[in-house]
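For reference, coords16.txt (compact mmCIF, C-alpha atoms (C1' of nucleotides)):
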```
# COMPACT_ATOMS: atom_id res chain seq x y z
CA MET A 3 -12.32 -19.12 21.91
CA LYS A 4 -12.92 -17.37 18.67
CA LYS A 5 -10.76 -14.32 18.52
CA THR A 6 -12.76 -12.24 16.08
CA LYS A 7 -9.90 -11.65 13.73
CA LYS A 8 -11.34 -8.52 12.27
CA SER A 9 -8.68 -6.45 10.54
CA LYS A 10 -5.95 -8.62 11.98
CA ASP A 11 -6.61 -11.02 9.18
CA PHE A 12 -6.00 -8.32 6.62
CA TYR A 13 -2.75 -7.31 8.23
CA ASP A 14 -1.60 -10.88 8.54
CA LYS A 15 -2.24 -11.57 4.89
CA VAL A 16 -0.32 -8.48 3.92
CA TYR A 17 2.67 -9.56 5.95
CA GLN A 18 2.53 -13.07 4.56
CA VAL A 19 2.51 -11.84 1.01
CA VAL A 20 5.20 -9.23 1.47
CA ARG A 21 7.47 -11.72 3.18
CA SER A 22 6.95 -14.00 0.21
CA ILE A 23 8.37 -11.46 -2.19
CA PRO A 24 11.47 -13.02 -3.76
CA TYR A 25 14.85 -11.35 -3.53
CA GLY A 26 15.31 -8.62 -6.07
CA ARG A 27 11.60 -8.41 -6.74
CA VAL A 28 8.99 -5.81 -5.95
CA THR A 29 5.23 -5.58 -5.89
CA SER A 30 2.54 -2.96 -5.52
CA TYR A 31 0.08 -2.15 -2.77
CA GLY A 32 -2.83 -2.67 -5.09
CA ALA A 33 -1.57 -6.10 -6.13
CA ILE A 34 -1.41 -7.20 -2.51
CA ALA A 35 -4.80 -5.72 -1.74
CA LYS A 36 -6.25 -7.43 -4.74
CA PHE A 37 -4.69 -10.71 -3.79
CA ILE A 38 -6.19 -10.45 -0.35
CA GLY A 39 -9.62 -9.76 -1.72
CA SER A 40 -9.98 -6.00 -1.44
CA PRO A 41 -8.58 -4.51 -4.64
CA GLN A 42 -9.72 -1.05 -3.60
CA SER A 43 -8.17 -1.26 -0.18
CA ALA A 44 -4.64 -0.56 -1.28
CA ARG A 45 -4.50 2.12 1.41
CA MET A 46 -5.01 -0.49 4.08
CA VAL A 47 -2.00 -2.34 2.73
CA GLY A 48 0.09 0.76 3.16
CA TRP A 49 -1.25 1.21 6.65
CA ALA A 50 -0.43 -2.39 7.46
CA LEU A 51 3.10 -1.84 6.27
CA ASN A 52 3.25 1.24 8.43
CA VAL A 53 3.13 -0.99 11.51
CA SER A 54 5.09 -3.77 9.83
CA HIS A 55 8.27 -2.48 11.41
CA LYS A 56 7.14 -3.85 14.76
CA VAL A 57 6.07 -7.17 13.31
CA GLN A 58 8.26 -10.20 13.27
CA PRO A 59 9.70 -11.69 11.32
CA PRO A 60 10.43 -8.33 9.74
CA VAL A 61 8.51 -7.48 6.63
CA PRO A 62 10.53 -6.36 3.57
CA ALA A 63 8.31 -3.35 3.04
CA HIS A 64 10.99 -1.82 0.88
CA ARG A 65 9.99 -4.31 -1.80
CA VAL A 66 6.55 -2.81 -1.87
CA VAL A 67 6.00 0.25 -3.98
CA ASN A 68 3.00 1.90 -5.54
CA ARG A 69 1.57 0.90 -8.88
CA ASN A 70 3.82 3.46 -10.58
CA GLY A 71 6.88 1.74 -9.20
CA LEU A 72 7.70 4.80 -7.15
CA LEU A 73 9.18 4.56 -3.68
CA THR A 74 6.38 6.49 -2.10
CA GLY A 75 6.89 5.08 1.37
CA ARG A 76 10.60 5.64 1.67
CA SER A 77 10.07 8.47 4.14
CA HIS A 78 8.35 6.04 6.48
CA PHE A 79 11.51 4.02 6.98
CA ALA A 80 14.20 4.79 9.48
CA GLY A 81 15.78 7.02 6.87
CA ASN A 82 14.87 8.40 3.51
CA TYR A 83 17.69 6.43 1.97
CA ILE A 84 16.85 3.05 3.53
CA MET A 85 14.30 1.85 1.01
CA GLU A 86 16.29 2.87 -2.01
CA ASP A 87 19.50 1.49 -0.60
CA LEU A 88 17.92 -1.84 0.24
CA LEU A 89 16.48 -2.19 -3.21
CA LYS A 90 19.79 -1.40 -4.82
CA SER A 91 21.41 -3.94 -2.55
CA GLU A 92 19.05 -6.51 -3.97
CA GLY A 93 19.89 -5.68 -7.54
CA VAL A 94 16.94 -3.40 -8.12
CA GLU A 95 17.95 -0.24 -9.88
CA VAL A 96 16.34 2.85 -8.49
CA GLU A 97 16.27 6.12 -10.31
CA ASN A 98 14.36 9.32 -9.65
CA ASN A 99 12.46 7.71 -6.79
CA GLY A 100 11.29 5.01 -9.16
CA ILE A 101 12.25 1.43 -9.88
CA VAL A 102 14.03 0.86 -13.17
CA ASP A 103 12.48 -1.90 -15.27
CA PHE A 104 9.65 -2.06 -12.81
CA GLU A 105 7.77 -4.44 -15.04
CA LYS A 106 10.69 -6.84 -14.95
CA LYS A 107 11.11 -6.58 -11.21
CA TYR A 108 7.40 -6.72 -10.61
CA TRP A 109 6.26 -9.79 -8.77
CA GLU A 110 2.64 -10.70 -8.41
CA PRO A 111 1.46 -12.42 -5.22
CA SER A 112 0.18 -15.94 -5.65
CA ASN A 113 -0.89 -18.73 -3.36
CA ASN A 114 1.64 -20.99 -4.94
CA SER A 115 4.45 -18.70 -3.94
CA LEU A 116 3.25 -18.57 -0.38
CA ARG A 117 3.60 -22.30 -0.01
CA SER A 118 6.90 -22.70 -1.77
CA ASN A 119 9.10 -20.50 -3.82
CA ASP A 120 8.92 -22.09 -7.22
CA ASN A 121 8.65 -19.67 -10.05
C1' DG B 666 -19.14 8.28 17.86
C1' DC B 667 -17.46 11.16 14.17
C1' DG B 668 -14.36 13.60 11.23
C1' DG B 669 -9.92 13.87 9.31
C1' DT B 670 -6.15 11.31 7.51
C1' DG B 671 -3.47 7.92 4.86
C1' DA B 672 3.14 3.92 2.37
C1' DC B 673 -3.10 3.63 -3.10
C1' DG B 674 -5.79 3.29 -7.26
C1' DA B 675 -8.98 4.26 -10.62
C1' DA B 676 -12.13 7.37 -12.70
C1' DG B 677 -13.57 12.01 -13.70
C1' DC B 678 -12.67 16.67 -15.33
C1' DA C 411 -1.82 15.06 -19.75
C1' DG C 412 -2.13 16.79 -15.02
C1' DC C 413 -5.10 17.79 -11.08
C1' DT C 414 -9.25 16.56 -8.35
C1' DT C 415 -12.63 13.53 -6.41
C1' DC C 416 -14.27 9.26 -4.78
C1' DG C 417 -13.76 4.73 -2.71
C1' DC C 418 -11.80 1.68 0.37
C1' DC C 419 -11.41 0.76 5.58
C1' DA C 420 -8.51 1.19 9.77
C1' DC C 421 -6.33 4.34 13.06
C1' DC C 422 -6.12 8.69 15.85
C1' DG C 423 -7.86 12.88 18.29
```
How does this structure look as C-alpha cells?
Amino acid sequence: MKKTKKSKDFYDKVYQVVRSIPYGRVTSYGAIAKFIGSPQSARMVGWALNVSHKVQPPVPAHRVVNRNGLLTGRSHFAGNYIMEDLLKSEGVEVENNGIVDFEKKYWEPSNNSLRSNDN
DNA sequence: GCGGTGACGAAGC
DNA sequence: AGCTTCGCCACCG
C-alpha cells in the first residue's frame, strides 16, 4: 500500500514547519525550502502555502514572508489587510509592507522545534 | 505532453 | 544599485 507520496511530502513538510513557527515569529520561504532539502525550491513553498488555506489544522501562512521580510503574499489571503493585521496582532510590527526588525522576528526552522517548542 | 506561470532566491548585467 | 535571467518544480490550460 505504498502511496507514492510524490510532492505531497513536500507540502506536508511545509505545513509542519509553518505550523511550528512560534507566536510573534516569522520565517522565509527559502528557509523552509532549505530546511526541507530543496533550497532553490522556495517557489514550491509559496505554492504549498497557496493551498494551505484548505489544509487543517490551518497553517499560519501570515508568518511566512520572503527573504526581504516583505509581505509579498498578503494579496493571497482573504483580504489585503489580513496578513499585516495578523502579524501586528502577534506583536510583529509591519511597516511599508515589510516586517520591522525582521532579523529579530526571524525564526529558522529546526527539527528540534518540530518536536517540542524549546528555544 | 508542453508551455506558461508562480506567496522565491541568487546570480548576472 | 536596480532590472533581468535562470533555476527550482508543481499546477493549470
Query raised in the report: Using only C-alpha atoms (C1' of nucleotides), which of the listed residues (A:Asn82, A:Asn114, A:Gln58, A:Ser43) sits closest to chain C?
Result: A:Ser43
Query raised in the report: Can you tell me how far atom C1' of B:DC673 sits from atom CA of A:Pro41, in Å to one decimal?
Result: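 Atom-to-atom, atom C1' of B:DC673 and atom CA of A:Pro41 are spaced 9.9 Å apart.
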Query raised in the report: Suppose you want the space between atom C1' of C:DC416 and atom CA of A:Gly39; what is it in Å?
Result: 19.8 Å
Which residues of chain B have any atom within 8 Å of an atom in chain A when counting only C-alpha atoms (C1' of nucleotides), and what is the closest pair of atoms for each, with the distance in Å to one decimal? Order the rows by chain and rising number and write it as JSON lines.
```
{"residue": "B:DG671", "atom": "C1'", "partner": "A:Arg45", "partner_atom": "CA", "distance": 6.8}
{"residue": "B:DA672", "atom": "C1'", "partner": "A:Gly75", "partner_atom": "CA", "distance": 4.1}
{"residue": "B:DC673", "atom": "C1'", "partner": "A:Ala44", "partner_atom": "CA", "distance": 4.8}
{"residue": "B:DG674", "atom": "C1'", "partner": "A:Gln42", "partner_atom": "CA", "distance": 6.9}
```
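Interatomic distance, atom C1' of C:DT414 to atom C1' of B:DT670: 17.0 Å.
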Can you put all heavy atoms back into stretch 95-106 of chain A and show it as a CSV table (one decimal), in the coordinates of the input?
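Here's the written file selection.csv:
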```csv
chain,number,residue,atom,x,y,z
A,95,GLU,N,17.5,-1.6,-9.6
A,95,GLU,CA,18.0,-0.2,-9.9
A,95,GLU,C,16.9,0.8,-9.6
A,95,GLU,O,15.7,0.7,-10.0
A,95,GLU,CB,18.4,-0.2,-11.3
A,95,GLU,CG,19.5,-1.1,-11.7
A,95,GLU,CD,19.8,-1.1,-13.1
A,95,GLU,OE1,20.3,-0.1,-13.6
A,95,GLU,OE2,19.6,-2.1,-13.8
A,96,VAL,N,17.3,1.8,-8.8
A,96,VAL,CA,16.3,2.8,-8.5
A,96,VAL,C,16.8,4.2,-9.1
A,96,VAL,O,18.0,4.6,-8.9
A,96,VAL,CB,16.2,3.0,-7.0
A,96,VAL,CG1,15.2,4.1,-6.6
A,96,VAL,CG2,15.7,1.6,-6.4
A,97,GLU,N,15.9,4.8,-9.7
A,97,GLU,CA,16.3,6.1,-10.3
A,97,GLU,C,15.1,7.1,-10.2
A,97,GLU,O,14.0,6.8,-10.5
A,97,GLU,CB,16.6,5.9,-11.8
A,97,GLU,CG,17.2,7.2,-12.4
A,97,GLU,CD,17.7,7.0,-13.8
A,97,GLU,OE1,18.8,6.5,-14.0
A,97,GLU,OE2,16.9,7.2,-14.7
A,98,ASN,N,15.4,8.3,-9.8
A,98,ASN,CA,14.4,9.3,-9.6
A,98,ASN,C,13.2,8.8,-8.8
A,98,ASN,O,12.0,9.0,-9.2
A,98,ASN,CB,13.9,9.7,-11.0
A,98,ASN,CG,13.0,11.0,-11.0
A,98,ASN,OD1,13.0,11.7,-10.0
A,98,ASN,ND2,12.2,11.2,-12.0
A,99,ASN,N,13.5,8.2,-7.7
A,99,ASN,CA,12.5,7.7,-6.8
A,99,ASN,C,11.6,6.6,-7.4
A,99,ASN,O,10.7,6.2,-6.8
A,99,ASN,CB,11.5,8.9,-6.4
A,99,ASN,CG,11.7,9.2,-5.0
A,99,ASN,OD1,12.5,8.7,-4.3
A,99,ASN,ND2,10.8,10.1,-4.5
A,100,GLY,N,12.1,6.1,-8.5
A,100,GLY,CA,11.3,5.0,-9.2
A,100,GLY,C,12.2,3.8,-9.4
A,100,GLY,O,13.4,3.9,-9.5
A,101,ILE,N,11.5,2.7,-9.6
A,101,ILE,CA,12.2,1.4,-9.9
A,101,ILE,C,12.5,1.3,-11.4
A,101,ILE,O,11.5,1.4,-12.2
A,101,ILE,CB,11.5,0.2,-9.3
A,101,ILE,CG1,11.4,0.3,-7.8
A,101,ILE,CG2,12.1,-1.1,-9.8
A,101,ILE,CD1,10.6,-0.8,-7.2
A,102,VAL,N,13.7,1.1,-11.8
A,102,VAL,CA,14.0,0.9,-13.2
A,102,VAL,C,13.6,-0.5,-13.6
A,102,VAL,O,13.7,-1.5,-12.9
A,102,VAL,CB,15.5,1.0,-13.4
A,102,VAL,CG1,15.9,0.9,-14.9
A,102,VAL,CG2,16.0,2.4,-12.9
A,103,ASP,N,13.0,-0.6,-14.8
A,103,ASP,CA,12.5,-1.9,-15.3
A,103,ASP,C,11.5,-2.5,-14.3
A,103,ASP,O,11.5,-3.7,-13.9
A,103,ASP,CB,13.6,-2.9,-15.5
A,103,ASP,CG,14.5,-2.4,-16.6
A,103,ASP,OD1,14.0,-1.8,-17.6
A,103,ASP,OD2,15.7,-2.6,-16.5
A,104,PHE,N,10.6,-1.6,-13.8
A,104,PHE,CA,9.6,-2.1,-12.8
A,104,PHE,C,8.9,-3.3,-13.3
A,104,PHE,O,8.6,-4.2,-12.5
A,104,PHE,CB,8.7,-0.9,-12.5
A,104,PHE,CG,7.6,-1.2,-11.6
A,104,PHE,CD1,7.9,-1.6,-10.3
A,104,PHE,CD2,6.3,-1.2,-11.9
A,104,PHE,CE1,6.9,-1.9,-9.4
A,104,PHE,CE2,5.3,-1.5,-11.0
A,104,PHE,CZ,5.6,-1.9,-9.7
A,105,GLU,N,8.5,-3.3,-14.5
A,105,GLU,CA,7.8,-4.4,-15.0
A,105,GLU,C,8.5,-5.8,-14.9
A,105,GLU,O,8.0,-6.8,-14.7
A,105,GLU,CB,7.4,-4.2,-16.5
A,105,GLU,CG,6.5,-3.0,-16.6
A,105,GLU,CD,6.2,-2.7,-18.1
A,105,GLU,OE1,6.1,-3.7,-18.9
A,105,GLU,OE2,6.0,-1.5,-18.5
A,106,LYS,N,9.9,-5.6,-15.1
A,106,LYS,CA,10.7,-6.8,-15.0
A,106,LYS,C,10.8,-7.3,-13.5
A,106,LYS,O,10.8,-8.5,-13.2
A,106,LYS,CB,12.1,-6.6,-15.5
A,106,LYS,CG,12.1,-6.3,-17.0
A,106,LYS,CD,13.5,-6.1,-17.5
A,106,LYS,CE,13.5,-5.9,-19.0
A,106,LYS,NZ,14.9,-5.6,-19.5
```
